[in-house]
$ cat coords-v9.cif   # mmCIF, C-alpha atoms
data_target
loop_
_atom_site.label_atom_id
_atom_site.label_comp_id
_atom_site.auth_asym_id
_atom_site.auth_seq_id
_atom_site.Cartn_x
_atom_site.Cartn_y
_atom_site.Cartn_z
CA MET A 1 9.36 -33.92 -17.77
CA THR A 2 12.01 -35.52 -19.91
CA GLN A 3 12.77 -34.27 -23.42
CA ILE A 4 12.50 -37.35 -25.62
CA ALA A 5 13.87 -37.27 -29.15
CA PHE A 6 13.10 -40.00 -31.65
CA TYR A 7 15.89 -40.51 -34.19
CA HIS A 8 14.65 -42.30 -37.30
CA LEU A 9 17.65 -44.07 -38.84
CA GLU A 10 17.14 -44.44 -42.58
CA THR A 11 20.31 -43.35 -44.33
CA TRP A 12 23.02 -44.55 -41.97
CA PRO A 13 23.03 -47.21 -39.31
CA LEU A 14 23.28 -46.85 -35.55
CA GLU A 15 27.04 -47.42 -35.80
CA GLN A 16 27.37 -44.09 -37.61
CA ALA A 17 24.69 -42.09 -35.83
CA LEU A 18 25.44 -43.02 -32.21
CA PRO A 19 29.06 -41.79 -32.10
CA MET A 20 28.02 -38.42 -33.55
CA LEU A 21 25.27 -37.97 -30.97
CA LEU A 22 27.57 -39.04 -28.14
CA GLU A 23 30.23 -36.54 -29.28
CA LYS A 24 27.61 -33.77 -29.06
CA THR A 25 26.55 -35.04 -25.64
CA LEU A 26 30.09 -34.86 -24.26
CA ALA A 27 30.68 -31.47 -25.92
CA SER A 28 27.66 -30.15 -24.00
CA GLY A 29 29.19 -31.36 -20.73
CA LYS A 30 26.65 -34.13 -20.19
CA ARG A 31 27.07 -37.82 -19.39
CA ALA A 32 25.32 -40.63 -21.30
CA LEU A 33 23.93 -44.05 -20.52
CA VAL A 34 23.51 -46.18 -23.65
CA LEU A 35 21.20 -49.17 -23.35
CA ALA A 36 21.56 -51.85 -26.04
CA GLY A 37 19.57 -54.97 -26.75
CA SER A 38 22.12 -57.54 -25.56
CA ALA A 39 25.50 -58.02 -23.89
CA GLU A 40 26.95 -58.93 -27.30
CA ARG A 41 25.70 -55.67 -28.75
CA VAL A 42 27.24 -53.76 -25.82
CA GLU A 43 30.63 -55.30 -26.58
CA ALA A 44 30.27 -54.50 -30.30
CA LEU A 45 29.43 -50.86 -29.49
CA ASN A 46 32.28 -50.75 -26.97
CA GLY A 47 34.73 -51.73 -29.70
CA LEU A 48 33.11 -49.39 -32.21
CA LEU A 49 33.47 -46.33 -29.98
CA TRP A 50 37.24 -46.89 -29.81
CA THR A 51 37.64 -47.28 -33.57
CA TYR A 52 34.85 -45.44 -35.43
CA HIS A 53 37.12 -42.60 -36.55
CA GLN A 54 40.90 -42.29 -36.43
CA ASP A 55 40.81 -38.69 -35.17
CA ALA A 56 38.10 -39.16 -32.55
CA TRP A 57 38.16 -40.39 -28.99
CA LEU A 58 35.03 -41.06 -26.98
CA PRO A 59 35.78 -41.97 -23.37
CA HIS A 60 33.41 -44.77 -22.41
CA GLY A 61 33.12 -48.07 -20.64
CA SER A 62 30.93 -51.05 -19.84
CA ALA A 63 30.66 -53.65 -17.09
CA ALA A 64 33.65 -55.42 -18.66
CA ASP A 65 35.73 -52.29 -17.99
CA GLY A 66 34.34 -51.35 -14.57
CA ASP A 67 34.49 -47.97 -12.82
CA ALA A 68 31.13 -46.77 -14.11
CA ASP A 69 31.25 -43.63 -11.97
CA GLU A 70 34.37 -42.50 -13.87
CA GLN A 71 32.91 -43.03 -17.35
CA PRO A 72 31.15 -40.16 -19.13
CA VAL A 73 29.54 -42.73 -21.47
CA TRP A 74 28.39 -46.06 -20.04
CA LEU A 75 27.20 -48.94 -22.20
CA ALA A 76 24.85 -51.56 -20.77
CA ALA A 77 22.43 -54.22 -21.95
CA ALA A 78 18.84 -53.28 -21.17
CA GLY A 79 18.25 -56.41 -19.11
CA ASP A 80 21.46 -56.16 -17.05
CA SER A 81 19.95 -53.88 -14.46
CA PRO A 82 16.46 -54.86 -13.39
CA ASP A 83 15.95 -51.67 -11.41
CA GLY A 84 17.24 -49.53 -14.32
CA ASP A 85 20.02 -47.93 -12.34
CA ASN A 86 22.23 -45.17 -13.70
CA PRO A 87 25.75 -46.24 -12.69
CA ASN A 88 27.59 -43.29 -14.25
CA ARG A 89 25.08 -40.60 -13.14
CA ALA A 90 24.15 -39.81 -16.75
CA GLU A 91 21.83 -36.96 -17.63
CA TYR A 92 21.12 -38.38 -21.10
CA LEU A 93 19.71 -41.83 -21.89
CA PHE A 94 20.19 -43.47 -25.30
CA LEU A 95 17.88 -46.37 -26.14
CA THR A 96 19.06 -48.56 -29.03
CA ASP A 97 18.04 -51.92 -30.52
CA GLY A 98 14.54 -51.58 -29.06
CA ALA A 99 15.91 -51.41 -25.50
CA ALA A 100 13.49 -49.87 -23.02
CA SER A 101 13.76 -48.27 -19.59
CA ALA A 102 11.13 -47.73 -16.95
CA ARG A 103 13.22 -44.81 -15.64
CA VAL A 104 13.08 -42.44 -18.63
CA ALA A 105 11.68 -39.72 -16.37
CA ASP A 106 14.92 -39.78 -14.32
CA PHE A 107 16.90 -38.27 -17.22
CA GLU A 108 16.99 -34.76 -18.70
CA ARG A 109 16.89 -36.17 -22.21
CA CYS A 110 16.20 -39.51 -23.81
CA PHE A 111 17.21 -40.47 -27.35
CA GLU A 112 15.18 -43.26 -28.99
CA LEU A 113 17.25 -44.44 -31.96
CA PHE A 114 15.42 -46.86 -34.24
CA ASP A 115 15.97 -48.50 -37.62
CA GLY A 116 13.46 -46.99 -40.02
CA ARG A 117 13.80 -49.95 -42.39
CA ASP A 118 12.58 -52.44 -39.77
CA PRO A 119 8.75 -52.61 -39.52
CA ALA A 120 8.88 -53.96 -35.96
CA ALA A 121 11.21 -51.12 -34.85
CA LEU A 122 8.87 -48.58 -36.48
CA GLN A 123 5.88 -50.00 -34.64
CA THR A 124 7.77 -50.01 -31.33
CA ALA A 125 8.71 -46.35 -31.88
CA ARG A 126 5.07 -45.45 -32.62
CA ASP A 127 3.89 -47.26 -29.50
CA ARG A 128 6.50 -45.57 -27.32
CA TRP A 129 5.64 -42.16 -28.77
CA LYS A 130 2.05 -42.66 -27.59
CA GLN A 131 3.17 -43.86 -24.15
CA TYR A 132 5.58 -40.96 -23.65
CA GLN A 133 3.01 -38.46 -24.91
CA ALA A 134 0.42 -39.81 -22.47
CA ALA A 135 2.98 -39.44 -19.66
CA GLY A 136 3.44 -35.77 -20.54
CA HIS A 137 7.01 -35.85 -21.86
CA ALA A 138 8.19 -33.30 -24.44
CA LEU A 139 8.62 -35.15 -27.75
CA THR A 140 10.52 -34.39 -30.94
CA TYR A 141 11.06 -36.44 -34.08
CA TRP A 142 14.25 -36.27 -36.13
CA ARG A 143 14.82 -37.74 -39.57
CA GLN A 144 18.17 -38.22 -41.29
CA THR A 145 19.01 -36.08 -44.29
CA ASP A 146 20.94 -37.16 -47.36
CA ALA A 147 23.58 -34.56 -46.45
CA GLY A 148 24.53 -36.42 -43.28
CA GLY A 149 22.55 -34.44 -40.74
CA TRP A 150 19.18 -34.42 -39.02
CA ARG A 151 15.98 -32.56 -39.82
CA LYS A 152 13.37 -31.96 -37.14
CA GLN A 153 9.91 -32.99 -38.33
CA GLU A 154 6.88 -31.04 -37.24
#
$ encode --input "coords-v9.cif" --output "structure tokens"
Amino acid sequence: MTQIAFYHLETWPLEQALPMLLEKTLASGKRALVLAGSAERVEALNGLLWTYHQDAWLPHGSAADGDADEQPVWLAAAGDSPDGDNPNRAEYLFLTDGAASARVADFERCFELFDGRDPAALQTARDRWKQYQAAGHALTYWRQTDAGGWRKQE
């Protein structure tokens, strides 16, 4: 079963949280597939990952860049791949902007990042928690701290 972690974004937005989680992913030697809500959002995240910090470098790409198999982080819009393929052979799946995947079970880990200030995003996260739990996945819930980290909720 896949380890699925829900990341409740309250203090900082996705644009701050995602790069930190992707840095940890690459440091662990894993590859990531990031699914966003639209092609426009993919391009915004693509630009962000080049510029989010002057001392950081996150190798990544999207369909606009090509060569998915060479990219440790691949950005895609959720609807771009009807069969939910994994073009960069990622072990970790990141779901943002409410994006969903029918292939969660194909990954070691899945990260559900959702905006805790958006009632619709909260409801979607609750619904997915129930679905994943019913499917037998291992679930954890993480909440942001004021100190800039994450606290696991029991």
$ resolve_selection --input "coords-v9.cif" --expression "the PyMOL selection byres ((chain A and resi 87-99) around 10)" --output "compact mmCIF listing (two decimals) with C-alpha atoms, in the coordinates of the input"
# COMPACT_ATOMS: atom_id res chain seq x y z
CA THR A 2 12.01 -35.52 -19.91
CA GLN A 3 12.77 -34.27 -23.42
CA ILE A 4 12.50 -37.35 -25.62
CA ALA A 5 13.87 -37.27 -29.15
CA PHE A 6 13.10 -40.00 -31.65
CA LEU A 14 23.28 -46.85 -35.55
CA LEU A 18 25.44 -43.02 -32.21
CA LEU A 21 25.27 -37.97 -30.97
CA LEU A 22 27.57 -39.04 -28.14
CA THR A 25 26.55 -35.04 -25.64
CA GLY A 29 29.19 -31.36 -20.73
CA LYS A 30 26.65 -34.13 -20.19
CA ARG A 31 27.07 -37.82 -19.39
CA ALA A 32 25.32 -40.63 -21.30
CA LEU A 33 23.93 -44.05 -20.52
CA VAL A 34 23.51 -46.18 -23.65
CA LEU A 35 21.20 -49.17 -23.35
CA ALA A 36 21.56 -51.85 -26.04
CA GLY A 37 19.57 -54.97 -26.75
CA SER A 38 22.12 -57.54 -25.56
CA ARG A 41 25.70 -55.67 -28.75
CA GLY A 61 33.12 -48.07 -20.64
CA ALA A 63 30.66 -53.65 -17.09
CA ASP A 67 34.49 -47.97 -12.82
CA ALA A 68 31.13 -46.77 -14.11
CA ASP A 69 31.25 -43.63 -11.97
CA GLU A 70 34.37 -42.50 -13.87
CA GLN A 71 32.91 -43.03 -17.35
CA PRO A 72 31.15 -40.16 -19.13
CA VAL A 73 29.54 -42.73 -21.47
CA TRP A 74 28.39 -46.06 -20.04
CA LEU A 75 27.20 -48.94 -22.20
CA ALA A 76 24.85 -51.56 -20.77
CA ALA A 77 22.43 -54.22 -21.95
CA ALA A 78 18.84 -53.28 -21.17
CA GLY A 79 18.25 -56.41 -19.11
CA SER A 81 19.95 -53.88 -14.46
CA GLY A 84 17.24 -49.53 -14.32
CA ASP A 85 20.02 -47.93 -12.34
CA ASN A 86 22.23 -45.17 -13.70
CA ALA A 100 13.49 -49.87 -23.02
CA SER A 101 13.76 -48.27 -19.59
CA ARG A 103 13.22 -44.81 -15.64
CA VAL A 104 13.08 -42.44 -18.63
CA ALA A 105 11.68 -39.72 -16.37
CA ASP A 106 14.92 -39.78 -14.32
CA PHE A 107 16.90 -38.27 -17.22
CA GLU A 108 16.99 -34.76 -18.70
CA ARG A 109 16.89 -36.17 -22.21
CA CYS A 110 16.20 -39.51 -23.81
CA PHE A 111 17.21 -40.47 -27.35
CA GLU A 112 15.18 -43.26 -28.99
CA LEU A 113 17.25 -44.44 -31.96
CA PHE A 114 15.42 -46.86 -34.24
CA ASP A 115 15.97 -48.50 -37.62
CA ALA A 120 8.88 -53.96 -35.96
CA ALA A 121 11.21 -51.12 -34.85
CA LEU A 122 8.87 -48.58 -36.48
CA THR A 124 7.77 -50.01 -31.33
CA ALA A 125 8.71 -46.35 -31.88
$ atom_distance --input "coords-v9.cif" --atom1 "CA of Ala147 in chain A" --atom2 "CA of Tyr52 in chain A"
19.2 Å
$ resolve_selection --input "coords-v9.cif" --expression "the PyMOL selection byres ((chain A and resi 149) around 12)" --output "PyMOL selection string"
chain A and resi 7-12+16-17+20-21+142-148+150-152
$ write_last_selection --input "coords-v9.cif" --atoms "C-alpha atoms" --output "mmCIF file, in the coordinates of the input"
data_model
loop_
_atom_site.group_PDB
_atom_site.id
_atom_site.type_symbol
_atom_site.label_atom_id
_atom_site.label_comp_id
_atom_site.auth_asym_id
_atom_site.auth_seq_id
_atom_site.Cartn_x
_atom_site.Cartn_y
_atom_site.Cartn_z
ATOM 1 C CA TYR A 7 15.890 -40.510 -34.190
ATOM 2 C CA HIS A 8 14.650 -42.300 -37.300
ATOM 3 C CA LEU A 9 17.650 -44.070 -38.840
ATOM 4 C CA GLU A 10 17.140 -44.440 -42.580
ATOM 5 C CA THR A 11 20.310 -43.350 -44.330
ATOM 6 C CA TRP A 12 23.020 -44.550 -41.970
ATOM 7 C CA GLN A 16 27.370 -44.090 -37.610
ATOM 8 C CA ALA A 17 24.690 -42.090 -35.830
ATOM 9 C CA MET A 20 28.020 -38.420 -33.550
ATOM 10 C CA LEU A 21 25.270 -37.970 -30.970
ATOM 11 C CA TRP A 142 14.250 -36.270 -36.130
ATOM 12 C CA ARG A 143 14.820 -37.740 -39.570
ATOM 13 C CA GLN A 144 18.170 -38.220 -41.290
ATOM 14 C CA THR A 145 19.010 -36.080 -44.290
ATOM 15 C CA ASP A 146 20.940 -37.160 -47.360
ATOM 16 C CA ALA A 147 23.580 -34.560 -46.450
ATOM 17 C CA GLY A 148 24.530 -36.420 -43.280
ATOM 18 C CA TRP A 150 19.180 -34.420 -39.020
ATOM 19 C CA ARG A 151 15.980 -32.560 -39.820
ATOM 20 C CA LYS A 152 13.370 -31.960 -37.140
#
$ atom_distance --input "coords-v9.cif" --atom1 "CA of Met1 in chain A" --atom2 "CA of Gly136 in chain A"
6.8 Å
$ atom_distance --input "coords-v9.cif" --atom1 "CA of Tyr141 in chain A" --atom2 "CA of Trp57 in chain A"
27.9 Å
$ closest_residue --input "coords-v9.cif" --among "A:Glu23, A:Glu43, A:Glu154, A:Asp80" --to "Ala56 in chain A" --atoms "all atoms listed in the file"
A:Glu23
$ closest_residue --input "coords-v9.cif" --among "A:Asp118, A:Ala102, A:Tyr132, A:Glu15" --to "Thr51 in chain A" --atoms "all atoms listed in the file"
A:Glu15
